[in-house]
$ cat input.cif   # mmCIF, C-alpha atoms and all ligand atoms
data_input
loop_
_atom_site.group_PDB
_atom_site.id
_atom_site.type_symbol
_atom_site.label_atom_id
_atom_site.label_comp_id
_atom_site.auth_asym_id
_atom_site.auth_seq_id
_atom_site.Cartn_x
_atom_site.Cartn_y
_atom_site.Cartn_z
ATOM 1 C CA MET A 1 143.994 256.212 216.646
ATOM 2 C CA MET A 2 145.868 256.738 213.375
ATOM 3 C CA TYR A 3 149.575 257.375 213.740
ATOM 4 C CA ALA A 4 151.525 259.551 211.323
ATOM 5 C CA ASP A 5 155.091 260.814 211.601
ATOM 6 C CA SER A 6 156.352 263.438 209.140
ATOM 7 C CA HIS A 7 159.804 264.157 210.586
ATOM 8 C CA VAL A 8 162.172 261.187 210.864
ATOM 9 C CA HIS A 9 165.930 260.870 210.330
ATOM 10 C CA THR A 10 167.861 257.850 209.098
ATOM 11 C CA ALA A 11 171.567 257.074 208.912
ATOM 12 C CA PHE A 12 171.735 259.418 205.891
ATOM 13 C CA SER A 13 171.703 262.286 208.371
ATOM 14 C CA SER A 14 175.032 263.110 209.964
ATOM 15 C CA ASP A 15 173.435 262.655 213.391
ATOM 16 C CA GLY A 16 171.062 259.787 212.455
ATOM 17 C CA LYS A 17 171.589 256.153 213.388
ATOM 18 C CA ASP A 18 169.097 253.861 211.645
ATOM 19 C CA PRO A 19 169.058 252.381 208.176
ATOM 20 C CA VAL A 20 165.819 253.026 206.281
ATOM 21 C CA SER A 21 164.802 249.384 206.754
ATOM 22 C CA ALA A 22 164.921 249.732 210.563
ATOM 23 C CA VAL A 23 162.713 252.815 210.409
ATOM 24 C CA THR A 24 160.091 251.202 208.162
ATOM 25 C CA ALA A 25 160.146 248.064 210.333
ATOM 26 C CA GLU A 26 159.419 250.152 213.409
ATOM 27 C CA ALA A 27 156.681 252.047 211.587
ATOM 28 C CA GLU A 28 155.001 248.776 210.674
ATOM 29 C CA ARG A 29 155.373 247.416 214.175
ATOM 30 C CA LYS A 30 153.743 250.543 215.628
ATOM 31 C CA GLY A 31 151.043 250.523 212.938
ATOM 32 C CA LEU A 32 151.710 253.948 211.423
ATOM 33 C CA CYS A 33 149.530 254.907 208.453
ATOM 34 C CA TYR A 34 152.026 257.523 207.187
ATOM 35 C CA LEU A 35 155.777 257.874 207.545
ATOM 36 C CA ALA A 36 158.113 260.347 205.880
ATOM 37 C CA THR A 37 161.862 260.177 206.227
ATOM 38 C CA THR A 38 163.254 263.706 206.246
ATOM 39 C CA ASP A 39 167.020 263.631 206.421
ATOM 40 C CA HIS A 40 169.060 266.783 206.847
ATOM 41 C CA LEU A 41 169.935 268.838 203.817
ATOM 42 C CA ASP A 42 172.256 271.580 204.978
ATOM 43 C CA TYR A 43 172.883 273.865 202.032
ATOM 44 C CA ASP A 44 173.240 276.662 204.584
ATOM 45 C CA LEU A 45 176.489 274.962 205.645
ATOM 46 C CA LYS A 46 177.486 273.729 202.221
ATOM 47 C CA PHE A 47 176.933 276.885 200.180
ATOM 48 C CA GLY A 48 176.428 279.608 202.785
ATOM 49 C CA HIS A 49 178.360 281.157 205.609
ATOM 50 C CA ASN A 50 177.011 278.988 208.415
ATOM 51 C CA ARG A 51 179.703 277.002 210.215
ATOM 52 C CA SER A 52 179.592 273.798 212.228
ATOM 53 C CA PRO A 53 181.818 273.411 215.291
ATOM 54 C CA ILE A 54 182.107 269.682 214.542
ATOM 55 C CA PRO A 55 182.818 267.873 211.265
ATOM 56 C CA TRP A 56 179.556 267.515 209.379
ATOM 57 C CA LYS A 57 178.786 264.823 206.857
ATOM 58 C CA HIS A 58 176.603 266.139 204.048
ATOM 59 C CA ILE A 59 173.857 263.934 202.742
ATOM 60 C CA ASP A 60 174.407 261.777 199.657
ATOM 61 C CA LEU A 61 171.078 262.554 197.999
ATOM 62 C CA ALA A 62 171.337 259.878 195.306
ATOM 63 C CA ALA A 63 172.076 257.169 197.887
ATOM 64 C CA TYR A 64 169.285 258.467 200.139
ATOM 65 C CA ARG A 65 166.834 258.312 197.220
ATOM 66 C CA ARG A 66 167.947 254.760 196.347
ATOM 67 C CA ALA A 67 167.545 253.572 199.935
ATOM 68 C CA TRP A 68 164.092 255.149 200.146
ATOM 69 C CA GLU A 69 163.058 253.482 196.865
ATOM 70 C CA GLU A 70 164.273 250.110 198.103
ATOM 71 C CA GLY A 71 162.291 250.610 201.303
ATOM 72 C CA ALA A 72 159.167 251.634 199.388
ATOM 73 C CA ASP A 73 159.531 248.635 197.038
ATOM 74 C CA ALA A 74 159.900 246.209 199.938
ATOM 75 C CA LEU A 75 156.739 247.602 201.561
ATOM 76 C CA ALA A 76 154.800 247.431 198.289
ATOM 77 C CA LYS A 77 155.883 243.824 197.725
ATOM 78 C CA LYS A 78 154.373 242.689 200.965
ATOM 79 C CA GLY A 79 151.253 244.799 200.486
ATOM 80 C CA SER A 80 151.922 247.010 203.501
ATOM 81 C CA PRO A 81 149.253 249.701 204.096
ATOM 82 C CA LEU A 82 151.950 252.120 205.299
ATOM 83 C CA LYS A 83 152.202 255.260 203.154
ATOM 84 C CA PHE A 84 155.955 255.717 203.019
ATOM 85 C CA ARG A 85 157.026 259.112 201.652
ATOM 86 C CA PHE A 86 160.276 260.776 200.633
ATOM 87 C CA GLY A 87 161.073 263.987 202.477
ATOM 88 C CA ILE A 88 163.870 266.342 203.427
ATOM 89 C CA GLU A 89 164.641 268.806 206.226
ATOM 90 C CA ALA A 90 166.079 271.908 204.571
ATOM 91 C CA GLY A 91 168.235 274.101 206.826
ATOM 92 C CA PHE A 92 167.235 277.705 206.193
ATOM 93 C CA SER A 93 169.640 280.526 205.462
ATOM 94 C CA PRO A 94 168.667 284.043 204.373
ATOM 95 C CA GLU A 95 171.605 284.010 201.936
ATOM 96 C CA LYS A 96 170.570 284.146 198.301
ATOM 97 C CA GLN A 97 173.181 281.689 197.062
ATOM 98 C CA VAL A 98 171.808 279.081 199.488
ATOM 99 C CA GLN A 99 168.194 279.680 198.485
ATOM 100 C CA ASP A 100 169.140 279.458 194.791
ATOM 101 C CA LYS A 101 170.665 276.020 195.422
ATOM 102 C CA TYR A 102 167.488 274.795 197.092
ATOM 103 C CA LEU A 103 165.400 276.181 194.219
ATOM 104 C CA GLU A 104 167.569 274.400 191.689
ATOM 105 C CA LEU A 105 167.448 271.095 193.578
ATOM 106 C CA PHE A 106 163.719 271.152 194.331
ATOM 107 C CA ASP A 107 163.077 271.707 190.615
ATOM 108 C CA ARG A 108 164.986 268.524 189.815
ATOM 109 C CA MET A 109 164.063 266.399 192.814
ATOM 110 C CA ARG A 110 160.449 266.394 193.899
ATOM 111 C CA PHE A 111 160.241 265.570 197.586
ATOM 112 C CA ASP A 112 156.901 264.500 198.989
ATOM 113 C CA VAL A 113 157.476 266.738 201.943
ATOM 114 C CA VAL A 114 159.909 269.566 202.704
ATOM 115 C CA ILE A 115 160.499 270.740 206.264
ATOM 116 C CA ASN A 116 161.736 274.319 206.606
ATOM 117 C CA SER A 117 164.035 274.523 209.639
ATOM 118 C CA VAL A 118 166.030 277.243 211.337
ATOM 119 C CA HIS A 119 169.022 275.658 213.089
ATOM 120 C CA PHE A 120 171.558 278.488 212.936
ATOM 121 C CA VAL A 121 171.610 281.940 214.481
ATOM 122 C CA ASN A 122 174.390 284.367 213.538
ATOM 123 C CA GLY A 123 176.120 281.585 211.635
ATOM 124 C CA TRP A 124 176.246 278.953 214.385
ATOM 125 C CA ASP A 125 174.037 275.956 215.134
ATOM 126 C CA VAL A 126 172.209 276.692 218.370
ATOM 127 C CA TYR A 127 172.538 273.026 219.280
ATOM 128 C CA PHE A 128 176.118 273.838 220.364
ATOM 129 C CA PRO A 129 177.160 276.113 223.269
ATOM 130 C CA ASN A 130 179.466 278.317 221.199
ATOM 131 C CA ALA A 131 176.440 279.852 219.467
ATOM 132 C CA PHE A 132 175.526 281.519 222.758
ATOM 133 C CA PHE A 133 178.929 282.930 223.762
ATOM 134 C CA PHE A 134 178.605 286.570 224.831
ATOM 135 C CA LYS A 135 175.017 286.753 223.597
ATOM 136 C CA SER A 136 172.114 287.801 225.802
ATOM 137 C CA ARG A 137 168.929 285.772 225.949
ATOM 138 C CA ARG A 138 167.000 288.638 224.400
ATOM 139 C CA ARG A 139 169.410 288.995 221.501
ATOM 140 C CA MET A 140 169.606 285.246 220.721
ATOM 141 C CA TYR A 141 165.907 284.525 221.001
ATOM 142 C CA GLY A 142 164.985 287.681 219.111
ATOM 143 C CA ASP A 143 167.444 286.917 216.292
ATOM 144 C CA TYR A 144 166.140 283.348 216.140
ATOM 145 C CA LEU A 145 162.514 284.451 215.765
ATOM 146 C CA ASP A 146 163.514 286.985 213.111
ATOM 147 C CA LEU A 147 165.055 284.142 211.116
ATOM 148 C CA VAL A 148 161.975 281.948 211.538
ATOM 149 C CA LEU A 149 159.902 284.842 210.209
ATOM 150 C CA GLN A 150 162.276 285.294 207.246
ATOM 151 C CA SER A 151 162.201 281.563 206.567
ATOM 152 C CA LEU A 152 158.465 281.769 205.825
ATOM 153 C CA ASP A 153 159.372 283.703 202.686
ATOM 154 C CA ALA A 154 161.824 281.103 201.415
ATOM 155 C CA PRO A 155 161.454 281.226 197.622
ATOM 156 C CA TYR A 156 161.410 277.429 197.252
ATOM 157 C CA HIS A 157 158.633 274.965 197.984
ATOM 158 C CA TYR A 158 158.172 273.843 201.582
ATOM 159 C CA ASP A 159 155.289 272.357 203.541
ATOM 160 C CA ILE A 160 156.139 272.490 207.247
ATOM 161 C CA VAL A 161 157.593 275.082 209.633
ATOM 162 C CA ALA A 162 159.714 273.057 212.032
ATOM 163 C CA HIS A 163 160.283 273.074 215.771
ATOM 164 C CA ILE A 164 159.663 276.713 216.720
ATOM 165 C CA GLY A 165 161.623 277.176 219.935
ATOM 166 C CA TYR A 166 164.603 275.027 218.912
ATOM 167 C CA VAL A 167 166.921 277.861 220.030
ATOM 168 C CA THR A 168 166.017 277.153 223.659
ATOM 169 C CA ARG A 169 166.975 273.463 223.559
ATOM 170 C CA ASN A 170 170.560 273.845 224.782
ATOM 171 C CA ALA A 171 170.429 277.498 225.764
ATOM 172 C CA PRO A 172 172.518 278.370 228.842
ATOM 173 C CA TYR A 173 170.133 280.978 230.255
ATOM 174 C CA LYS A 174 168.580 280.872 233.704
ATOM 175 C CA LYS A 175 165.186 281.350 232.119
ATOM 176 C CA LYS A 176 165.338 278.942 229.217
ATOM 177 C CA VAL A 177 161.774 278.879 227.956
ATOM 178 C CA LEU A 178 160.825 281.297 225.194
ATOM 179 C CA GLU A 179 157.447 282.799 225.981
ATOM 180 C CA TYR A 180 154.922 284.656 223.882
ATOM 181 C CA ALA A 181 155.272 287.656 226.208
ATOM 182 C CA ASP A 182 158.985 287.883 225.351
ATOM 183 C CA PHE A 183 158.254 288.837 221.728
ATOM 184 C CA PRO A 184 154.508 289.100 221.092
ATOM 185 C CA ASP A 185 154.941 290.999 217.810
ATOM 186 C CA LYS A 186 157.395 288.478 216.401
ATOM 187 C CA PHE A 187 155.244 285.513 217.418
ATOM 188 C CA ASP A 188 152.139 287.136 215.953
ATOM 189 C CA ALA A 189 153.912 287.769 212.648
ATOM 190 C CA ILE A 190 155.142 284.161 212.508
ATOM 191 C CA LEU A 191 151.838 282.528 213.422
ATOM 192 C CA HIS A 192 149.775 284.709 211.102
ATOM 193 C CA GLY A 193 152.433 284.218 208.429
ATOM 194 C CA ILE A 194 152.137 280.443 208.616
ATOM 195 C CA ILE A 195 148.342 280.613 208.404
ATOM 196 C CA GLU A 196 148.340 283.082 205.486
ATOM 197 C CA ARG A 197 150.754 280.947 203.501
ATOM 198 C CA GLY A 198 148.786 277.759 204.121
ATOM 199 C CA LYS A 199 151.763 276.006 205.722
ATOM 200 C CA ALA A 200 151.666 273.459 208.521
ATOM 201 C CA LEU A 201 153.017 274.281 211.966
ATOM 202 C CA GLU A 202 155.063 271.371 213.247
ATOM 203 C CA VAL A 203 154.414 269.814 216.641
ATOM 204 C CA ASN A 204 157.847 268.406 217.470
ATOM 205 C CA THR A 205 158.247 265.956 220.375
ATOM 206 C CA HIS A 206 161.946 265.118 220.055
ATOM 207 C CA THR A 207 162.912 266.720 223.397
ATOM 208 C CA THR A 208 160.414 269.023 225.038
ATOM 209 C CA LEU A 209 157.341 270.026 223.066
ATOM 210 C CA PHE A 210 158.082 272.592 220.328
ATOM 211 C CA PRO A 211 156.310 274.935 220.085
ATOM 212 C CA THR A 212 155.123 275.228 223.672
ATOM 213 C CA GLU A 213 151.497 274.739 224.610
ATOM 214 C CA GLU A 214 151.128 278.498 224.976
ATOM 215 C CA ILE A 215 152.142 279.105 221.354
ATOM 216 C CA LEU A 216 149.963 276.249 220.097
ATOM 217 C CA ARG A 217 146.985 277.877 221.835
ATOM 218 C CA LYS A 218 147.778 281.226 220.156
ATOM 219 C CA TYR A 219 148.004 279.513 216.760
ATOM 220 C CA TYR A 220 144.591 277.954 217.301
ATOM 221 C CA ALA A 221 143.101 281.245 218.512
ATOM 222 C CA TYR A 222 144.355 282.988 215.349
ATOM 223 C CA GLY A 223 142.628 280.370 213.184
ATOM 224 C CA GLY A 224 145.591 278.046 212.602
ATOM 225 C CA ARG A 225 144.403 274.486 212.076
ATOM 226 C CA LYS A 226 147.128 272.872 210.041
ATOM 227 C CA LEU A 227 149.551 270.846 212.161
ATOM 228 C CA SER A 228 152.251 268.348 211.286
ATOM 229 C CA PHE A 229 153.467 265.747 213.764
ATOM 230 C CA GLY A 230 157.242 265.241 213.972
ATOM 231 C CA SER A 231 159.012 262.959 216.408
ATOM 232 C CA ASP A 232 162.295 264.156 214.828
ATOM 233 C CA SER A 233 163.506 260.651 215.600
ATOM 234 C CA HIS A 234 167.232 260.089 215.117
ATOM 235 C CA HIS A 235 167.143 256.516 216.386
ATOM 236 C CA ALA A 236 163.836 254.715 215.899
ATOM 237 C CA GLU A 237 161.612 256.638 218.278
ATOM 238 C CA LEU A 238 158.723 257.086 215.883
ATOM 239 C CA CYS A 239 155.610 258.895 217.110
ATOM 240 C CA LYS A 240 157.245 259.692 220.442
ATOM 241 C CA ASP A 241 154.668 261.001 222.989
ATOM 242 C CA TYR A 242 151.955 260.795 220.318
ATOM 243 C CA GLN A 243 148.993 260.008 222.559
ATOM 244 C CA LYS A 244 149.953 262.555 225.185
ATOM 245 C CA THR A 245 150.466 265.209 222.512
ATOM 246 C CA VAL A 246 147.187 264.428 220.744
ATOM 247 C CA ALA A 247 145.344 264.664 224.083
ATOM 248 C CA LEU A 248 146.737 268.162 224.592
ATOM 249 C CA LEU A 249 145.971 269.234 221.013
ATOM 250 C CA LYS A 250 142.407 267.945 221.293
ATOM 251 C CA GLU A 251 141.944 269.861 224.492
ATOM 252 C CA ILE A 252 143.045 273.040 222.677
ATOM 253 C CA GLY A 253 140.555 272.312 219.889
ATOM 254 C CA PHE A 254 142.640 270.777 217.097
ATOM 255 C CA THR A 255 141.157 267.742 215.360
ATOM 256 C CA GLU A 256 143.779 266.449 212.928
ATOM 257 C CA PHE A 257 147.316 266.330 211.594
ATOM 258 C CA THR A 258 148.097 267.036 207.955
ATOM 259 C CA VAL A 259 150.436 264.893 205.852
ATOM 260 C CA PHE A 260 151.989 265.696 202.483
ATOM 261 C CA GLU A 261 152.853 263.869 199.299
ATOM 262 C CA ARG A 262 153.370 264.432 195.590
ATOM 263 C CA GLY A 263 151.079 263.146 192.891
ATOM 264 C CA VAL A 264 152.250 261.464 189.685
ATOM 265 C CA ASN A 265 152.571 264.841 187.948
ATOM 266 C CA GLY A 266 154.589 266.285 190.805
ATOM 267 C CA GLU A 267 151.740 268.310 192.259
ATOM 268 C CA SER A 268 151.731 268.634 196.033
ATOM 269 C CA SER A 269 148.751 267.280 197.926
ATOM 270 C CA GLU A 270 147.797 267.079 201.557
ATOM 271 C CA THR A 271 145.645 264.676 203.538
ATOM 272 C CA ALA A 272 144.067 265.098 206.949
ATOM 273 C CA ILE A 273 144.762 262.430 209.549
ATOM 274 C CA PRO A 274 142.000 262.844 212.146
ATOM 275 C CA PHE A 275 142.918 262.277 215.791
HETATM 276 ZN ZN ZN B 1 165.714 270.296 212.829
HETATM 277 ZN ZN ZN B 2 165.114 266.919 212.270
#
$ encode --input "input.cif" --output "structure tokens"
Amino acid sequence: MMYADSHVHTAFSSDGKDPVSAVTAEAERKGLCYLATTDHLDYDLKFGHNRSPIPWKHIDLAAYRRAWEEGADALAKKGSPLKFRFGIEAGFSPEKQVQDKYLELFDRMRFDVVINSVHFVNGWDVYFPNAFFFKSRRRMYGDYLDLVLQSLDAPYHYDIVAHIGYVTRNAPYKKKVLEYADFPDKFDAILHGIIERGKALEVNTHTTLFPTEEILRKYYAYGGRKLSFGSDSHHAELCKDYQKTVALLKEIGFTEFTVFERGVNGESSETAIPF
């Protein structure tokens, strides 16, 4: 089986632990054919109205690029077959000033892969309990899905729609799971929207499986075939639950993951990694 991981954090993320060298070493040890580091870029916090309840260290993009280049050079020197690519996880905000900043940056800095992520609802990161204060399950989950749908129309380049269902991760509700039946119209719009735009739906194994099996089955039924695997590793847990996840995806009917990179002229290209 070929292993590929398109969503991995390093110490350049505020919540990441590993230097780039530790991540590439683990990728080689596990025999990955493709690895992209995708540290957090939070322009929604930096230039928008989103707020973090804890101090947040913004990424030093120049240092991140240097560390990635050093890692790529070291791999090339020893003739490693690992395709090591330079990515970013861009925190979505519907605010124009935030989107303009991403546009400006992505013009200057060509990432191999851009992950489009919704982390904030009503201005607060849903990782933290304060985002849920005085908010009903229906309101929070509905607002979250509305943002995911809006994020599909981000005016800048992106490849992957990340971890649909993230809002449920630390949600305080008795019924935590977000089901298709809760918001069929919103889910349909999102899944069809991903397919129409030719984007990849991420299969994220960091905690529980995002999206859930039920949503993955809907995506397949609607004709969605493009999937990206993301362990979302913050401390060297590359390809977490890979075999188990692939077994489930195969059973649904999927046959491959898709990985992204940029060519010499900056054009985006994708490659299928068969299961
Ligand atoms: Zn994320
Ligand atoms: Zn992430």
$ atom_distance --input "input.cif" --atom1 "atom CA of A:Lys101" --atom2 "atom CA of A:Glu261"
21.9 Å
$ residues_around --input "input.cif" --residues "A:Thr205" --least-positions-apart "2" --cutoff "10 Å" --atoms "all atoms listed in the file" --output "list in words"
His163, Glu202, Val203, Thr207, Thr208, Leu209, Phe210, Pro211, Phe229, Gly230, Ser231, Asp232, Ser233, Leu238, Cys239, Lys240, Asp241, Tyr242 and Thr245 of chain A
$ write_last_selection --input "input.cif" --atoms "C-alpha atoms" --output "compact mmCIF listing (two decimals), keeping the file's coordinate frame"
# COMPACT_ATOMS: atom_id res chain seq x y z
CA HIS A 163 160.28 273.07 215.77
CA GLU A 202 155.06 271.37 213.25
CA VAL A 203 154.41 269.81 216.64
CA THR A 207 162.91 266.72 223.40
CA THR A 208 160.41 269.02 225.04
CA LEU A 209 157.34 270.03 223.07
CA PHE A 210 158.08 272.59 220.33
CA PRO A 211 156.31 274.94 220.08
CA PHE A 229 153.47 265.75 213.76
CA GLY A 230 157.24 265.24 213.97
CA SER A 231 159.01 262.96 216.41
CA ASP A 232 162.29 264.16 214.83
CA SER A 233 163.51 260.65 215.60
CA LEU A 238 158.72 257.09 215.88
CA CYS A 239 155.61 258.90 217.11
CA LYS A 240 157.24 259.69 220.44
CA ASP A 241 154.67 261.00 222.99
CA TYR A 242 151.96 260.80 220.32
CA THR A 245 150.47 265.21 222.51
$ closest_atom_pairs --input "input.cif" --of "chain A" --to "ligand ZN 2 (chain B)" --cutoff "7 Å" --atoms "all atoms listed in the file" --output "JSON lines"
{"residue": "A:His7", "atom": "CA", "partner": "B:ZN2", "partner_atom": "ZN", "distance": 6.2}
{"residue": "A:Val8", "atom": "CA", "partner": "B:ZN2", "partner_atom": "ZN", "distance": 6.6}
{"residue": "A:His9", "atom": "CA", "partner": "B:ZN2", "partner_atom": "ZN", "distance": 6.4}
{"residue": "A:Asp39", "atom": "CA", "partner": "B:ZN2", "partner_atom": "ZN", "distance": 7.0}
{"residue": "A:His40", "atom": "CA", "partner": "B:ZN2", "partner_atom": "ZN", "distance": 6.7}
{"residue": "A:Glu89", "atom": "CA", "partner": "B:ZN2", "partner_atom": "ZN", "distance": 6.3}
{"residue": "A:Asp232", "atom": "CA", "partner": "B:ZN2", "partner_atom": "ZN", "distance": 4.7}
$ residues_around --input "input.cif" --residues "A:Arg65" --least-positions-apart "5" --cutoff "9 Å" --atoms "only C-alpha atoms" --output "JSON, numbers by chain"
{"A": [60, 70, 86]}
$ atom_distance --input "input.cif" --atom1 "atom CA of A:Arg108" --atom2 "atom CA of A:Ala200"
23.5 Å
$ closest_residue --input "input.cif" --among "A:Val121, A:Leu227, A:Leu178, A:Leu152" --to "A:His49" --atoms "all atoms listed in the file"
A:Val121
$ closest_residue --input "input.cif" --among "A:Arg51, A:His206, A:Lys57, A:Arg169" --to "A:Phe12" --atoms "only C-alpha atoms"
A:Lys57
$ closest_residue --input "input.cif" --among "A:Gly79, A:Gly193, A:Gly91, A:Gly123" --to "ligand ZN 1 (chain B)" --atoms "only C-alpha atoms and all ligand atoms"
A:Gly91
$ atom_distance --input "input.cif" --atom1 "atom CA of A:Asp44" --atom2 "atom CA of A:Tyr219"
28.2 Å
$ residues_around --input "input.cif" --residues "A:Ser228" --least-positions-apart "4" --cutoff "10 Å" --atoms "all atoms listed in the file" --output "JSON list (two decimals) with C-alpha atoms, in the frame of the given file"
[["chain", "number", "residue", "atom", "x", "y", "z"],
["A", 4, "ALA", "CA", 151.52, 259.55, 211.32],
["A", 5, "ASP", "CA", 155.09, 260.81, 211.60],
["A", 6, "SER", "CA", 156.35, 263.44, 209.14],
["A", 7, "HIS", "CA", 159.80, 264.16, 210.59],
["A", 115, "ILE", "CA", 160.50, 270.74, 206.26],
["A", 159, "ASP", "CA", 155.29, 272.36, 203.54],
["A", 160, "ILE", "CA", 156.14, 272.49, 207.25],
["A", 161, "VAL", "CA", 157.59, 275.08, 209.63],
["A", 162, "ALA", "CA", 159.71, 273.06, 212.03],
["A", 199, "LYS", "CA", 151.76, 276.01, 205.72],
["A", 200, "ALA", "CA", 151.67, 273.46, 208.52],
["A", 201, "LEU", "CA", 153.02, 274.28, 211.97],
["A", 202, "GLU", "CA", 155.06, 271.37, 213.25],
["A", 203, "VAL", "CA", 154.41, 269.81, 216.64],
["A", 204, "ASN", "CA", 157.85, 268.41, 217.47],
["A", 256, "GLU", "CA", 143.78, 266.45, 212.93],
["A", 257, "PHE", "CA", 147.32, 266.33, 211.59],
["A", 258, "THR", "CA", 148.10, 267.04, 207.96],
["A", 259, "VAL", "CA", 150.44, 264.89, 205.85],
["A", 260, "PHE", "CA", 151.99, 265.70, 202.48],
["A", 272, "ALA", "CA", 144.07, 265.10, 206.95],
["A", 273, "ILE", "CA", 144.76, 262.43, 209.55]]
$ closest_residue --input "input.cif" --among "A:Lys30, A:Lys244, A:Lys226, A:His157" --to "A:Met109" --atoms "only C-alpha atoms"
A:His157
$ residues_around --input "input.cif" --residues "A:His235" --least-positions-apart "6" --cutoff "12 Å" --atoms "all atoms listed in the file" --output "list in words"
Val8, His9, Thr10, Ala11, Phe12, Ser13, Asp15, Gly16, Lys17, Asp18, Pro19, Val20, Ala22, Val23, Glu26 and His206 of chain A
$ resolve_selection --input "input.cif" --expression "the PyMOL selection byres (((chain A and resi 177) around 12) and not hetatm)" --output "ChimeraX atom specification"
/A:137-138,141,164-176,178-182,208-215
$ closest_residue --input "input.cif" --among "A:Phe133, A:Tyr127, A:Tyr34, A:Tyr102" --to "ligand ZN 1 (chain B)" --atoms "only C-alpha atoms and all ligand atoms"
A:Tyr127
$ closest_residue --input "input.cif" --among "A:Ala131, A:Ala221, A:Val264, A:Ala76" --to "A:Phe111" --atoms "only C-alpha atoms"
A:Val264
$ residues_around --input "input.cif" --residues "A:Ile252" --least-positions-apart "4" --cutoff "9 Å" --atoms "all atoms listed in the file" --output "PyMOL selection string"
chain A and resi 213+216-217+220+247-248
$ resolve_selection --input "input.cif" --expression "the PyMOL selection byres (((chain A and resi 54) around 12) and not hetatm)" --output "list in words"
Ser14, Asp15, Leu45, Arg51, Ser52, Pro53, Pro55, Trp56, Lys57, Trp124, Asp125, Tyr127, Phe128, Pro129 and Asn130 of chain A
$ residues_near_point --input "input.cif" --point "(167.3, 248.9, 201.8)" --cutoff "10 Å" --atoms "all atoms listed in the file" --output "VMD selection string"
chain A and resid 19 to 22 24 64 66 to 74
